[in-house]
Structure formats: C-alpha cells, structure tokens
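Engineer: The file below is query23.pdb, PDB, C-alpha atoms:
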```
ATOM      1  CA  MET K  47     -32.470  -4.983 117.213
ATOM      2  CA  ILE K  48     -28.903  -4.322 116.024
ATOM      3  CA  LEU K  49     -27.619  -0.854 115.099
ATOM      4  CA  VAL K  50     -24.762  -0.576 112.593
ATOM      5  CA  THR K  51     -23.180   2.831 112.068
ATOM      6  CA  GLY K  52     -21.571   3.047 108.648
ATOM      7  CA  GLY K  53     -23.972   0.268 107.738
ATOM      8  CA  ALA K  54     -24.160   1.226 104.057
ATOM      9  CA  GLY K  55     -20.390   1.285 103.777
ATOM     10  CA  PHE K  56     -17.956  -1.480 102.937
ATOM     11  CA  ILE K  57     -17.592  -3.593 106.086
ATOM     12  CA  GLY K  58     -20.887  -2.328 107.494
ATOM     13  CA  SER K  59     -22.993  -3.493 104.551
ATOM     14  CA  ASN K  60     -21.346  -6.923 104.558
ATOM     15  CA  LEU K  61     -22.105  -7.206 108.279
ATOM     16  CA  GLN K  62     -25.671  -5.979 107.786
ATOM     17  CA  ALA K  63     -26.186  -8.624 105.101
ATOM     18  CA  ALA K  64     -25.061 -11.348 107.509
ATOM     19  CA  LEU K  65     -27.315 -10.040 110.278
ATOM     20  CA  SER K  66     -30.253  -9.945 107.879
ATOM     21  CA  ARG K  67     -29.571 -13.549 106.858
ATOM     22  CA  ARG K  68     -29.966 -14.427 110.534
ATOM     23  CA  GLY K  69     -33.374 -12.775 110.549
ATOM     24  CA  LEU K  70     -32.291  -9.990 112.917
ATOM     25  CA  GLU K  71     -33.790  -6.504 112.849
ATOM     26  CA  THR K  72     -31.146  -4.084 111.595
ATOM     27  CA  ILE K  73     -30.920  -0.323 111.880
ATOM     28  CA  VAL K  74     -28.357   1.300 109.591
ATOM     29  CA  VAL K  75     -26.898   4.707 110.407
ATOM     30  CA  ASP K  76     -25.402   6.182 107.252
ATOM     31  CA  SER K  77     -25.767   8.716 104.482
ATOM     32  CA  LEU K  78     -26.604   7.067 101.165
ATOM     33  CA  GLY K  79     -25.585  10.140  99.192
ATOM     34  CA  CYS K  80     -25.557  10.047  95.409
ATOM     35  CA  LYS K  81     -22.638   7.672  94.659
ATOM     36  CA  GLY K  82     -24.667   4.480  94.592
ATOM     37  CA  LYS K  83     -24.076   3.350  98.182
ATOM     38  CA  TRP K  84     -27.681   2.149  98.294
ATOM     39  CA  GLN K  85     -26.588  -0.743  96.072
ATOM     40  CA  ASN K  86     -24.533  -2.084  98.986
ATOM     41  CA  LEU K  87     -27.870  -2.719 100.736
ATOM     42  CA  ALA K  88     -30.035  -3.546  97.715
ATOM     43  CA  LYS K  89     -30.163  -7.313  98.304
ATOM     44  CA  HIS K  90     -30.835  -7.030 102.044
ATOM     45  CA  PRO K  91     -32.656  -3.772 102.895
ATOM     46  CA  PRO K  92     -32.389  -2.853 106.586
ATOM     47  CA  ASP K  93     -35.461  -2.228 108.688
ATOM     48  CA  ARG K  94     -34.530   1.429 109.011
ATOM     49  CA  ILE K  95     -31.888   3.829 107.720
ATOM     50  CA  ILE K  96     -31.076   6.745 110.012
ATOM     51  CA  HIS K  97     -29.115   9.690 108.642
ATOM     52  CA  PRO K  98     -26.113  10.455 110.902
ATOM     53  CA  ASP K  99     -27.541  13.923 111.624
ATOM     54  CA  LYS K 100     -30.625  12.222 113.103
ATOM     55  CA  LEU K 101     -28.786   9.652 115.238
ATOM     56  CA  THR K 102     -29.044  11.597 118.512
ATOM     57  CA  GLU K 103     -32.760  12.145 117.960
ATOM     58  CA  PHE K 104     -33.212   8.426 117.281
ATOM     59  CA  LEU K 105     -31.263   7.368 120.367
ATOM     60  CA  ASP K 106     -33.317   9.742 122.495
ATOM     61  CA  THR K 107     -36.336   7.514 121.750
ATOM     62  CA  ARG K 108     -34.543   4.792 123.785
ATOM     63  CA  PRO K 109     -34.775   2.085 121.121
ATOM     64  CA  PRO K 110     -34.474  -1.471 122.503
ATOM     65  CA  LEU K 111     -31.056  -2.163 121.039
ATOM     66  CA  GLU K 112     -29.145  -5.350 121.804
ATOM     67  CA  MET K 113     -25.870  -4.238 120.274
ATOM     68  CA  VAL K 114     -24.207  -1.315 118.506
ATOM     69  CA  PHE K 115     -21.600  -2.037 115.855
ATOM     70  CA  HIS K 116     -19.900   1.325 115.422
ATOM     71  CA  LEU K 117     -18.161   1.108 112.029
ATOM     72  CA  GLY K 118     -18.894   4.591 110.704
ATOM     73  CA  ALA K 119     -15.855   6.863 110.487
ATOM     74  CA  VAL K 120     -13.812   9.252 108.429
ATOM     75  CA  SER K 121     -11.587   6.485 107.087
ATOM     76  CA  SER K 122      -9.373   8.259 104.568
ATOM     77  CA  THR K 123      -5.686   8.059 105.426
ATOM     78  CA  THR K 124      -5.218  11.336 103.548
ATOM     79  CA  ALA K 125      -7.924  13.230 105.468
ATOM     80  CA  THR K 126      -6.878  16.781 106.413
ATOM     81  CA  ASP K 127      -9.962  18.278 108.128
ATOM     82  CA  GLY K 128      -8.936  17.782 111.733
ATOM     83  CA  ASP K 129     -12.109  19.157 113.317
ATOM     84  CA  HIS K 130     -14.434  16.977 111.253
ATOM     85  CA  THR K 131     -12.287  13.863 111.645
ATOM     86  CA  TRP K 132     -12.011  14.313 115.424
ATOM     87  CA  ALA K 133     -15.749  14.946 115.783
ATOM     88  CA  THR K 134     -16.599  11.827 113.768
ATOM     89  CA  ASN K 135     -13.935   9.400 114.940
ATOM     90  CA  VAL K 136     -13.578  10.438 118.577
ATOM     91  CA  GLU K 137     -16.488  12.502 119.886
ATOM     92  CA  LEU K 138     -19.188  10.382 118.257
ATOM     93  CA  SER K 139     -17.481   7.229 119.531
ATOM     94  CA  ARG K 140     -17.328   8.669 123.066
ATOM     95  CA  SER K 141     -21.033   9.532 122.934
ATOM     96  CA  LEU K 142     -22.021   6.060 121.751
ATOM     97  CA  TRP K 143     -19.843   4.395 124.404
ATOM     98  CA  THR K 144     -21.557   6.445 127.132
ATOM     99  CA  TRP K 145     -25.032   5.820 125.704
ATOM    100  CA  CYS K 146     -24.429   2.072 125.592
ATOM    101  CA  ALA K 147     -22.915   2.013 129.093
ATOM    102  CA  GLU K 148     -25.871   3.863 130.584
ATOM    103  CA  ARG K 149     -28.422   1.585 128.931
ATOM    104  CA  GLY K 150     -26.677  -1.773 129.157
ATOM    105  CA  VAL K 151     -26.192  -2.127 125.389
ATOM    106  CA  ARG K 152     -23.210  -4.043 124.020
ATOM    107  CA  PHE K 153     -20.738  -2.031 121.935
ATOM    108  CA  VAL K 154     -18.210  -3.019 119.251
ATOM    109  CA  TYR K 155     -16.220  -0.351 117.442
ATOM    110  CA  ALA K 156     -13.763  -0.139 114.568
ATOM    111  CA  SER K 157     -10.221   0.825 115.408
ATOM    112  CA  SER K 158      -7.459   0.452 112.819
ATOM    113  CA  ALA K 159      -3.988  -0.891 112.135
ATOM    114  CA  ALA K 160      -3.189   2.729 111.207
ATOM    115  CA  THR K 161      -2.853   3.327 114.966
ATOM    116  CA  TYR K 162       0.477   1.468 114.836
ATOM    117  CA  GLY K 163       2.062   4.047 112.555
ATOM    118  CA  GLY K 164       5.268   2.843 110.945
ATOM    119  CA  GLY K 165       5.379  -0.201 113.214
ATOM    120  CA  ALA K 166       8.448   0.829 115.218
ATOM    121  CA  GLU K 167       6.647  -0.228 118.409
ATOM    122  CA  GLY K 168       5.376  -3.439 116.854
ATOM    123  CA  PHE K 169       1.775  -4.520 116.281
ATOM    124  CA  GLU K 170       0.812  -6.024 119.634
ATOM    125  CA  ASP K 171      -2.812  -5.268 120.538
ATOM    126  CA  GLU K 172      -2.147  -4.325 124.142
ATOM    127  CA  GLN K 173      -5.015  -2.337 125.630
ATOM    128  CA  ALA K 174      -3.291  -0.710 128.624
ATOM    129  CA  ALA K 175      -2.984   3.056 128.317
ATOM    130  CA  GLU K 176       0.781   2.882 128.968
ATOM    131  CA  ALA K 177       1.307   0.550 126.004
ATOM    132  CA  LEU K 178      -0.988   2.522 123.701
ATOM    133  CA  ALA K 179       0.782   5.776 124.571
ATOM    134  CA  ARG K 180       3.949   4.487 122.890
ATOM    135  CA  LEU K 181       2.290   4.302 119.460
ATOM    136  CA  ARG K 182       2.858   7.048 116.883
ATOM    137  CA  PRO K 183       0.278   7.048 114.063
ATOM    138  CA  LEU K 184       1.437   8.569 110.791
ATOM    139  CA  ASN K 185      -1.744  10.397 109.746
ATOM    140  CA  LEU K 186      -4.832  12.163 111.060
ATOM    141  CA  TYR K 187      -7.080   9.139 110.550
ATOM    142  CA  GLY K 188      -4.784   6.818 112.501
ATOM    143  CA  TRP K 189      -4.293   9.419 115.224
ATOM    144  CA  THR K 190      -8.030   9.860 115.836
ATOM    145  CA  LYS K 191      -8.583   6.105 115.969
ATOM    146  CA  HIS K 192      -5.680   5.888 118.409
ATOM    147  CA  ALA K 193      -7.134   8.721 120.493
ATOM    148  CA  PHE K 194     -10.349   6.802 121.058
ATOM    149  CA  ASP K 195      -8.474   3.596 121.925
ATOM    150  CA  LEU K 196      -6.613   5.625 124.552
ATOM    151  CA  ASN K 197      -9.840   7.165 125.804
ATOM    152  CA  VAL K 198     -11.305   3.686 126.317
ATOM    153  CA  ALA K 199      -8.169   2.497 128.119
ATOM    154  CA  ARG K 200      -8.257   5.464 130.502
ATOM    155  CA  ARG K 201     -11.959   4.979 131.209
ATOM    156  CA  LEU K 202     -11.327   1.344 132.074
ATOM    157  CA  ALA K 203      -8.329   2.174 134.265
ATOM    158  CA  ALA K 204     -10.437   4.734 136.161
ATOM    159  CA  ALA K 205     -13.252   2.201 136.590
ATOM    160  CA  ARG K 206     -15.655   4.524 134.810
ATOM    161  CA  GLU K 207     -18.859   3.417 133.117
ATOM    162  CA  ARG K 208     -18.572   0.745 130.434
ATOM    163  CA  PRO K 209     -20.992  -1.246 128.259
ATOM    164  CA  PRO K 210     -21.710  -4.809 129.424
ATOM    165  CA  GLN K 211     -19.604  -6.008 126.479
ATOM    166  CA  TRP K 212     -17.166  -3.858 124.542
ATOM    167  CA  ALA K 213     -14.638  -4.621 121.837
ATOM    168  CA  GLY K 214     -12.383  -2.523 119.651
ATOM    169  CA  LEU K 215     -11.104  -4.162 116.474
ATOM    170  CA  LYS K 216      -7.893  -2.984 114.828
ATOM    171  CA  PHE K 217      -8.758  -3.763 111.221
ATOM    172  CA  PHE K 218      -5.782  -4.432 108.976
ATOM    173  CA  ASN K 219      -6.115  -4.278 105.150
ATOM    174  CA  VAL K 220      -9.652  -5.439 104.372
ATOM    175  CA  TYR K 221     -10.728  -6.212 100.799
ATOM    176  CA  GLY K 222     -13.881  -7.562  99.162
ATOM    177  CA  PRO K 223     -17.215  -6.568  97.598
ATOM    178  CA  ASN K 224     -19.186  -3.390  98.359
ATOM    179  CA  GLU K 225     -16.155  -1.089  98.555
ATOM    180  CA  TYR K 226     -16.804   0.580  95.196
ATOM    181  CA  HIS K 227     -17.908   3.933  96.640
ATOM    182  CA  LYS K 228     -14.616   4.509  98.482
ATOM    183  CA  GLY K 229     -12.780   6.409  95.768
ATOM    184  CA  SER K 230      -9.064   6.705  96.520
ATOM    185  CA  MET K 231      -9.464   4.499  99.607
ATOM    186  CA  ILE K 232     -10.623   1.461  97.641
ATOM    187  CA  SER K 233      -8.550  -1.673  98.245
ATOM    188  CA  VAL K 234      -5.384  -2.395  96.294
ATOM    189  CA  VAL K 235      -6.999  -5.628  95.099
ATOM    190  CA  LYS K 236      -9.758  -3.740  93.274
ATOM    191  CA  VAL K 237      -7.332  -1.200  91.810
ATOM    192  CA  LYS K 238      -4.986  -3.900  90.508
ATOM    193  CA  HIS K 239      -7.911  -5.871  89.082
ATOM    194  CA  ASP K 240      -9.092  -2.858  87.092
ATOM    195  CA  GLU K 241      -5.600  -2.367  85.668
ATOM    196  CA  VAL K 242      -5.213  -6.018  84.736
ATOM    197  CA  ALA K 243      -8.751  -6.282  83.314
ATOM    198  CA  ALA K 244      -7.937  -3.340  81.032
ATOM    199  CA  GLY K 245      -4.993  -5.281  79.618
ATOM    200  CA  LYS K 246      -2.364  -3.267  81.478
ATOM    201  CA  PRO K 247       0.330  -4.392  83.917
ATOM    202  CA  ALA K 248      -0.454  -4.117  87.619
ATOM    203  CA  ARG K 249       1.309  -1.004  88.891
ATOM    204  CA  LEU K 250       3.059  -1.026  92.277
ATOM    205  CA  PHE K 251       4.968   1.683  94.143
ATOM    206  CA  ARG K 252       8.709   1.486  94.179
ATOM    207  CA  SER K 253      10.095   0.947  97.651
ATOM    208  CA  ASP K 254      11.190   4.081  99.502
ATOM    209  CA  VAL K 255      12.884   2.043 102.255
ATOM    210  CA  GLU K 256      16.589   1.365 101.898
ATOM    211  CA  GLY K 257      17.271  -2.336 101.442
ATOM    212  CA  LEU K 258      13.633  -3.214 100.713
ATOM    213  CA  ALA K 259      13.045  -4.426  97.155
ATOM    214  CA  ASP K 260      10.326  -2.973  94.948
ATOM    215  CA  GLY K 261       7.134  -4.965  95.523
ATOM    216  CA  ALA K 262       8.425  -6.404  98.800
ATOM    217  CA  GLN K 263       6.353  -3.985 100.863
ATOM    218  CA  ALA K 264       4.005  -6.237 102.827
ATOM    219  CA  ARG K 265       0.646  -5.907 104.531
ATOM    220  CA  ASP K 266      -1.738  -8.173 106.376
ATOM    221  CA  PHE K 267      -4.600  -8.424 103.855
ATOM    222  CA  ILE K 268      -7.889  -9.855 105.165
ATOM    223  CA  TRP K 269     -11.002 -10.976 103.269
ATOM    224  CA  VAL K 270     -14.108  -9.056 104.366
ATOM    225  CA  GLY K 271     -16.012 -12.287 105.021
ATOM    226  CA  ASP K 272     -13.469 -13.183 107.696
ATOM    227  CA  VAL K 273     -13.994  -9.787 109.336
ATOM    228  CA  VAL K 274     -17.751 -10.360 109.395
ATOM    229  CA  ASP K 275     -17.236 -13.797 110.953
ATOM    230  CA  VAL K 276     -15.363 -12.210 113.866
ATOM    231  CA  LEU K 277     -18.050  -9.548 114.322
ATOM    232  CA  LEU K 278     -20.735 -12.236 114.427
ATOM    233  CA  TRP K 279     -18.660 -14.250 116.881
ATOM    234  CA  LEU K 280     -18.577 -11.237 119.206
ATOM    235  CA  LEU K 281     -22.351 -10.963 118.897
ATOM    236  CA  ASP K 282     -22.625 -14.625 119.884
ATOM    237  CA  THR K 283     -20.026 -14.391 122.676
ATOM    238  CA  PRO K 284     -21.105 -11.624 125.058
ATOM    239  CA  ALA K 285     -18.518 -12.553 127.696
ATOM    240  CA  VAL K 286     -15.629 -11.399 125.488
ATOM    241  CA  SER K 287     -14.404  -7.808 125.754
ATOM    242  CA  GLY K 288     -11.141  -6.165 124.781
ATOM    243  CA  LEU K 289      -9.051  -4.487 122.123
ATOM    244  CA  PHE K 290      -8.098  -6.957 119.397
ATOM    245  CA  ASN K 291      -6.154  -7.045 116.164
ATOM    246  CA  LEU K 292      -8.118  -8.257 113.179
ATOM    247  CA  GLY K 293      -5.915  -9.499 110.370
ATOM    248  CA  THR K 294      -4.834 -12.942 109.258
ATOM    249  CA  GLY K 295      -1.597 -12.997 111.232
ATOM    250  CA  ARG K 296       0.444 -13.262 108.045
ATOM    251  CA  ALA K 297       1.911 -10.405 106.011
ATOM    252  CA  ARG K 298       1.987 -10.848 102.235
ATOM    253  CA  THR K 299       3.875  -8.732  99.727
ATOM    254  CA  TYR K 300       2.290  -6.452  97.188
ATOM    255  CA  LEU K 301       3.985  -8.526  94.521
ATOM    256  CA  ASP K 302       2.178 -11.612  95.880
ATOM    257  CA  LEU K 303      -1.077  -9.663  95.673
ATOM    258  CA  ALA K 304      -0.470  -8.464  92.110
ATOM    259  CA  HIS K 305       0.376 -11.979  90.951
ATOM    260  CA  ALA K 306      -2.736 -13.378  92.634
ATOM    261  CA  VAL K 307      -4.915 -10.793  90.874
ATOM    262  CA  CYS K 308      -3.370 -11.672  87.498
ATOM    263  CA  ASP K 309      -3.918 -15.383  88.148
ATOM    264  CA  ALA K 310      -7.539 -14.893  89.253
ATOM    265  CA  ALA K 311      -8.243 -12.793  86.156
ATOM    266  CA  GLY K 312      -6.617 -15.364  83.869
ATOM    267  CA  GLN K 313      -3.981 -12.891  82.707
ATOM    268  CA  PRO K 314      -0.193 -13.205  82.473
ATOM    269  CA  ARG K 315       1.723 -11.950  85.491
ATOM    270  CA  ALA K 316       2.872  -8.455  84.518
ATOM    271  CA  VAL K 317       3.932  -5.741  86.990
ATOM    272  CA  ASP K 318       5.300  -2.211  86.503
ATOM    273  CA  PHE K 319       6.850  -0.166  89.311
ATOM    274  CA  ILE K 320       6.114   3.550  89.676
ATOM    275  CA  ASP K 321       7.306   6.269  92.045
ATOM    276  CA  MET K 322       5.376   6.753  95.257
ATOM    277  CA  PRO K 323       3.329   9.997  95.300
ATOM    278  CA  ALA K 324       4.766  12.754  97.451
ATOM    279  CA  SER K 325       1.548  12.795  99.501
ATOM    280  CA  LEU K 326       2.264   9.269 100.775
ATOM    281  CA  LYS K 327       5.934   9.619 101.565
ATOM    282  CA  GLY K 328       6.445   9.527 105.310
ATOM    283  CA  GLN K 329       2.900   8.222 105.823
ATOM    284  CA  TYR K 330       3.249   4.841 104.126
ATOM    285  CA  GLN K 331       3.376   1.608 106.127
ATOM    286  CA  SER K 332       5.864  -0.693 104.389
ATOM    287  CA  PHE K 333       5.026  -3.614 106.678
ATOM    288  CA  THR K 334       2.043  -4.618 108.799
ATOM    289  CA  GLN K 335       1.247  -7.954 110.382
ATOM    290  CA  ALA K 336      -1.371  -8.642 113.007
ATOM    291  CA  PRO K 337      -0.395 -10.804 115.967
ATOM    292  CA  MET K 338      -3.624 -12.700 116.586
ATOM    293  CA  ASP K 339      -2.792 -14.305 119.935
ATOM    294  CA  ARG K 340      -5.210 -12.203 122.006
ATOM    295  CA  LEU K 341      -8.232 -12.951 119.823
ATOM    296  CA  ARG K 342      -7.319 -16.644 119.803
ATOM    297  CA  ALA K 343      -6.877 -16.615 123.586
ATOM    298  CA  ALA K 344     -10.341 -15.059 123.884
ATOM    299  CA  GLY K 345     -11.729 -18.145 122.150
ATOM    300  CA  TYR K 346     -11.966 -17.314 118.458
ATOM    301  CA  SER K 347     -11.169 -20.455 116.463
ATOM    302  CA  GLY K 348     -12.260 -19.472 112.955
ATOM    303  CA  GLN K 349      -9.818 -19.812 110.079
ATOM    304  CA  PHE K 350      -8.696 -16.926 107.877
ATOM    305  CA  THR K 351      -8.902 -17.091 104.099
ATOM    306  CA  PRO K 352      -5.514 -17.289 102.302
ATOM    307  CA  LEU K 353      -4.784 -14.262 100.123
ATOM    308  CA  GLU K 354      -4.926 -16.195  96.837
ATOM    309  CA  GLU K 355      -8.317 -17.717  97.693
ATOM    310  CA  GLY K 356      -9.792 -14.430  98.865
ATOM    311  CA  ILE K 357      -8.657 -12.664  95.702
ATOM    312  CA  ARG K 358      -9.992 -15.508  93.564
ATOM    313  CA  ARG K 359     -13.418 -15.151  95.215
ATOM    314  CA  TYR K 360     -13.437 -11.389  94.883
ATOM    315  CA  VAL K 361     -12.394 -11.380  91.236
ATOM    316  CA  GLN K 362     -14.336 -14.371  89.933
ATOM    317  CA  ASP K 363     -17.487 -14.135  92.079
ATOM    318  CA  TYR K 364     -17.889 -10.346  91.974
ATOM    319  CA  LEU K 365     -15.534  -8.217  89.872
ATOM    320  CA  ALA K 366     -15.751 -10.378  86.755
ATOM    321  CA  THR K 367     -19.559 -10.646  86.917
ATOM    322  CA  PRO K 368     -22.383  -8.236  86.008
ATOM    323  CA  ASP K 369     -23.404  -8.012  89.694
ATOM    324  CA  LEU K 370     -20.585  -6.632  91.852
ATOM    325  CA  TYR K 371     -22.500  -6.500  95.112
ATOM    326  CA  ALA K 372     -22.810  -8.840  98.087
TER
END
```
Take the structure I supplied and represent it as structure tokens, if you would.
Structural biologist:
Amino acid sequence: MILVTGGAGFIGSNLQAALSRRGLETIVVDSLGCKGKWQNLAKHPPDRIIHPDKLTEFLDTRPPLEMVFHLGAVSSTTATDGDHTWATNVELSRSLWTWCAERGVRFVYASSAATYGGGAEGFEDEQAAEALARLRPLNLYGWTKHAFDLNVARRLAAARERPPQWAGLKFFNVYGPNEYHKGSMISVVKVKHDEVAAGKPARLFRSDVEGLADGAQARDFIWVGDVVDVLLWLLDTPAVSGLFNLGTGRARTYLDLAHAVCDAAGQPRAVDFIDMPASLKGQYQSFTQAPMDRLRAAGYSGQFTPLEEGIRRYVQDYLATPDLYA
C-alpha cells in the first residue's frame, strides 16, 4: 500500500498512474475541489482518496503502508499566507516524517530548486545543515521548503528518529500532462503552447539582469515522466537515502523552449518580449541548473529526456489532442 499526498496534483497523479500500472494499492491524499482535478485520476482511480483534513484520522488507524510519497504542498511561488504555507509545507512534513520513523515506513518528500534562491551559493545538493544554512530562498514557498530540508538535516545530525529510507528531491522546472489545474503556476511550456496555438507569438520576459540578453534566462526543465522514473527507482531501491537534485543537469534558455514549442506545434518561430511583472522582480531565478552527481553516485542510471523531445511529446501527444490527461 503506497500513500501519495498531493496525489491528484500534477506530479502526484503521474506517479499514481505509474504505481497503478504496477498493480500496487494506492491511497491518494488530496482535495479534488471543483476545478476538474479528478480528471488527473480518471484513467487510473486510486483505491482510496483521503481529504487532507482526514489524514490524521486515517493514519491513526495504522494502515499497513510500505511507503509515503509526500508531494502535497502549497507550491505557488507567489504565496503570501505565511501561516498556511508553513503549516502545510513544514509542520505537515514534520508530522509525516515522525509517523513514518515510528512505524518503519519509507518516506520520500518533495523539496524544490526554489530553495537555492538566486543561485549565488550554487545548486549543489549538499544535505549538511551547515551547507543548507548558506542558502537564501527568494520567496515564501522556497523558504518553507528550505526550512524542512534544514529540519531533516538537524534531525539526522542529532541522531534523532528517521524512517528506514528517506529522500528529499529538489525538483527543478517540471512540465508535462495533468498540470492544467495549477492556474498561474502552470508550466511555461503549456503557457507558450496556448499562445502559439492561438496564432500569436510566444511571449517571454525581457531580462532584468545587466548583460543578460532577452530570452537568455535559463532553467533546468525536466519532463514529468523522468521525475516519475526517479520516484519509482527510489521505491525499488530502499537502501538509498539522501537529499537529491532532480533536474536534467542541463540548463536551457527560454528562447530554446519557445522555439521548441513552435516547432512541436508546426508553427513558425515567433517570439515577443514583454516587461517582467513587478511582482516577480527580485524573486525571479534567471538561471538554474541541477548538478546530478549525487543521484548518479547513489546508483541512478536512467537517462533524461532532451527538452525538444519532451516538448514534442507534451504538445503532440497531449495538448494537441482531445484528451489532455495522462
């Protein structure tokens, strides 16, 4: 029995689909709401769906869980409700860590590349508290994810309780099907596709960094299927624990991305540059790239999908079809 918090969300529903294909019993913790999130699960219904408000009650029944994938979070980089974001991203994570440690249940949780802030301290996935303490996230979301990474590091340093396997994954920029409920946090790939499909140029922010050309801002974009492959590998490899980056190891520019979307949609390459919104200034990462040495050293040998191929799959297999869902 596998429990997936955020299991009706973007990465969670793709993971739940893969677990279901393996014939595993899946318990999803999520709120389906009224924005169509149920469609993320329509092709592979879980065995149970637990509302987040009922999670403690469910865990009190001591279900025979093998593993908890904790992917549920307040994930908006523009979140402003500090109390709610802390309670969801830190306190809930602490409670699940303790529950898993006390019952011998394996635990994998979602961290984020947002913990690295502007990247001044680099993007090395060191898990020692001293190294983590040097990071300066740029927003509330990144800060709360960072706070839990630090909490884990301090627990380990103090030899406190830990699950038999634990892993934190610093997700970089994930894109792919089942993200349609995310509103303003939907991937750039989907946004650019919608612009191009409507016959408009892809719009990109002008650079706000001196010496950096418009469109040369770069991120490590990763196909959601590659993320799921790593999560399944952790399920299959219980001896591996640690804090790991999860990107491709290669930054690509937003101009590369926009061109790839145009190509996949069969449209001419056309890009317009617009001013960055005031709300993003000072909180915008102009460069991210995930060093993947630690995950490779732990034994992961899977290959990561090139940006052009991932975008082609997303556009042609999902976005350009009547059925958008995986």
Engineer: Report the distance between CA of Ile320 (chain K) and CA of Glu167 (chain K) in Å, rounded to one decimal place.
Structural biologist: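 Result for CA of Ile320 (chain K) versus CA of Glu167 (chain K): 29.0 Å, one decimal.
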Engineer: Return as a ChimeraX atom specification the set of residues that the PyMOL selection byres ((chain K and resi 263) around 8) yields on the displayed structure.
Structural biologist: /K:253,258-262,264-265,299-300,332-333
Engineer: Hey, can you check how far CA of Tyr346 (chain K) sits from CA of Ala64 (chain K)?
Structural biologist: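 A separation of 18.1 Å between them.
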Engineer: For Lys100 (chain K), please output as a PyMOL selection string all residues within 12 Å (counting only C-alpha atoms; exclusion window: fewer than 6 positions along the same chain).
Structural biologist: chain K and resi 74-77+106-107
Engineer: Kindly indicate which residue among K:Ala160, K:Met338, K:Ala166, K:Ile96 lies nearest to Leu186 (chain K), using all atoms listed in the file for the distances.
Structural biologist: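 Of K:Ala160, K:Met338, K:Ala166, K:Ile96, the one nearest Leu186 (chain K) is K:Ala160, counting all atoms listed in the file.
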Engineer: Fewer than 4 positions away in the same chain doesn't count, so skip those; otherwise give me all residues within 7 Å of Tyr360 (chain K), counting all atoms listed in the file, as a list of chain:residue names.
Structural biologist: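 Everything that qualifies: K:Gly222, K:Pro223, K:Gly356, K:Tyr364, K:Leu365.
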Engineer: Report, in Å with one decimal, the straight-line distance from CA of Ser141 (chain K) to CA of Asp129 (chain K).
Structural biologist: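 CA of Asp129 (chain K) lies 16.3 Å from CA of Ser141 (chain K).
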Engineer: Within 9 Å of Ala336 (chain K), counting only C-alpha atoms, which residues qualify if same-chain residues fewer than 5 places away don't, as a list in words?
Structural biologist: Ala159, Phe169, Glu170, Asp171, Lys216, Phe218, Asp266, Asn291, Leu292, Gly293, Thr294, Gly295, Arg296 and Ala297 of chain K
Engineer: Keeping C-alpha atoms, export the residues of the selection given above as a CSV table (one decimal), in the frame of the given file.
Structural biologist:
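Written file, part16.csv:
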```csv
chain,number,residue,atom,x,y,z
K,159,ALA,CA,-4.0,-0.9,112.1
K,169,PHE,CA,1.8,-4.5,116.3
K,170,GLU,CA,0.8,-6.0,119.6
K,171,ASP,CA,-2.8,-5.3,120.5
K,216,LYS,CA,-7.9,-3.0,114.8
K,218,PHE,CA,-5.8,-4.4,109.0
K,266,ASP,CA,-1.7,-8.2,106.4
K,291,ASN,CA,-6.2,-7.0,116.2
K,292,LEU,CA,-8.1,-8.3,113.2
K,293,GLY,CA,-5.9,-9.5,110.4
K,294,THR,CA,-4.8,-12.9,109.3
K,295,GLY,CA,-1.6,-13.0,111.2
K,296,ARG,CA,0.4,-13.3,108.0
K,297,ALA,CA,1.9,-10.4,106.0
```
Engineer: Which residues, written as number ranges by chain, have at least one atom at most 12 Å from Gly288 (chain K), with only C-alpha atoms counted and residues fewer than 2 positions away on the same chain left out?
Structural biologist: K: 153-155, 157, 171-174, 195, 198-199, 202, 208-216, 280, 284-286, 290-291, 340-341, 343-344
Engineer: Apply the PyMOL selection byres ((chain K and resi 110) around 10) to the file shown and report the selected residues as number ranges by chain.
Structural biologist: K: 47-48, 105, 107-109, 111-113, 149, 151
Engineer: Give me the residues within 10 Å of Gly52 (chain K) as an MDAnalysis selection string, counting only C-alpha atoms and dropping any in the same chain fewer than 6 places off.
Structural biologist: chainID K and resid 58:59 62 74:78 98 115:120
Engineer: Can you turn the PyMOL selection byres ((chain K and resi 179) around 10) into a concrete residue list for this file, as an MDAnalysis selection string?
Structural biologist: chainID K and resid 174:178 180:182 192:193 195:196
Engineer: Could you tell me which of K:Trp279, K:Phe350, K:Trp84, K:Phe104 comes closest to Phe56 (chain K) if we count only C-alpha atoms?
Structural biologist: K:Trp84
Engineer: Find, counting only C-alpha atoms, the residue in K:Leu301, K:His227, K:Ala156, K:Ala125 that gets nearest to Gln85 (chain K).
Structural biologist: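 Among the listed residues, K:His227 lies closest to Gln85 (chain K).
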Engineer: Counting only C-alpha atoms, I want the residues whose atoms come within 9 Å of (-11.6, 11.8, 111.2) in the file frame, returned as a PyMOL selection string.
Structural biologist: chain K and resi 119-122+125-136+186-191
Engineer: Nearest residue to Thr72 (chain K) out of K:Ala88, K:Val237, K:Ile232, K:Val114, using all atoms listed in the file?
Structural biologist: K:Val114
Engineer: What would region 247-257 of chain K look like with N, CA and C atoms in place, written as a compact mmCIF listing (two decimals), in the frame of the given file?
Structural biologist:
```
# COMPACT_ATOMS: atom_id res chain seq x y z
N PRO K 247 -0.36 -3.78 82.78
CA PRO K 247 0.33 -4.39 83.92
C PRO K 247 -0.23 -3.84 85.23
N ALA K 248 -0.15 -4.63 86.29
CA ALA K 248 -0.45 -4.12 87.62
C ALA K 248 0.67 -3.17 88.04
N ARG K 249 0.30 -2.00 88.51
CA ARG K 249 1.31 -1.00 88.89
C ARG K 249 1.49 -1.00 90.41
N LEU K 250 2.74 -1.05 90.85
CA LEU K 250 3.06 -1.03 92.28
C LEU K 250 4.06 0.09 92.55
N PHE K 251 4.01 0.63 93.78
CA PHE K 251 4.97 1.68 94.14
C PHE K 251 6.36 1.09 94.33
N ARG K 252 7.34 1.83 93.85
CA ARG K 252 8.71 1.49 94.18
C ARG K 252 8.92 1.64 95.69
N SER K 253 9.79 0.85 96.23
CA SER K 253 10.10 0.95 97.65
C SER K 253 10.82 2.25 97.95
N ASP K 254 10.46 2.90 99.06
CA ASP K 254 11.19 4.08 99.50
C ASP K 254 11.96 3.79 100.78
N VAL K 255 12.15 2.48 101.07
CA VAL K 255 12.88 2.04 102.26
C VAL K 255 14.19 1.39 101.80
N GLU K 256 15.28 1.89 102.30
CA GLU K 256 16.59 1.36 101.90
C GLU K 256 16.68 -0.13 102.22
N GLY K 257 17.09 -0.91 101.24
CA GLY K 257 17.27 -2.34 101.44
C GLY K 257 16.02 -3.16 101.21
```
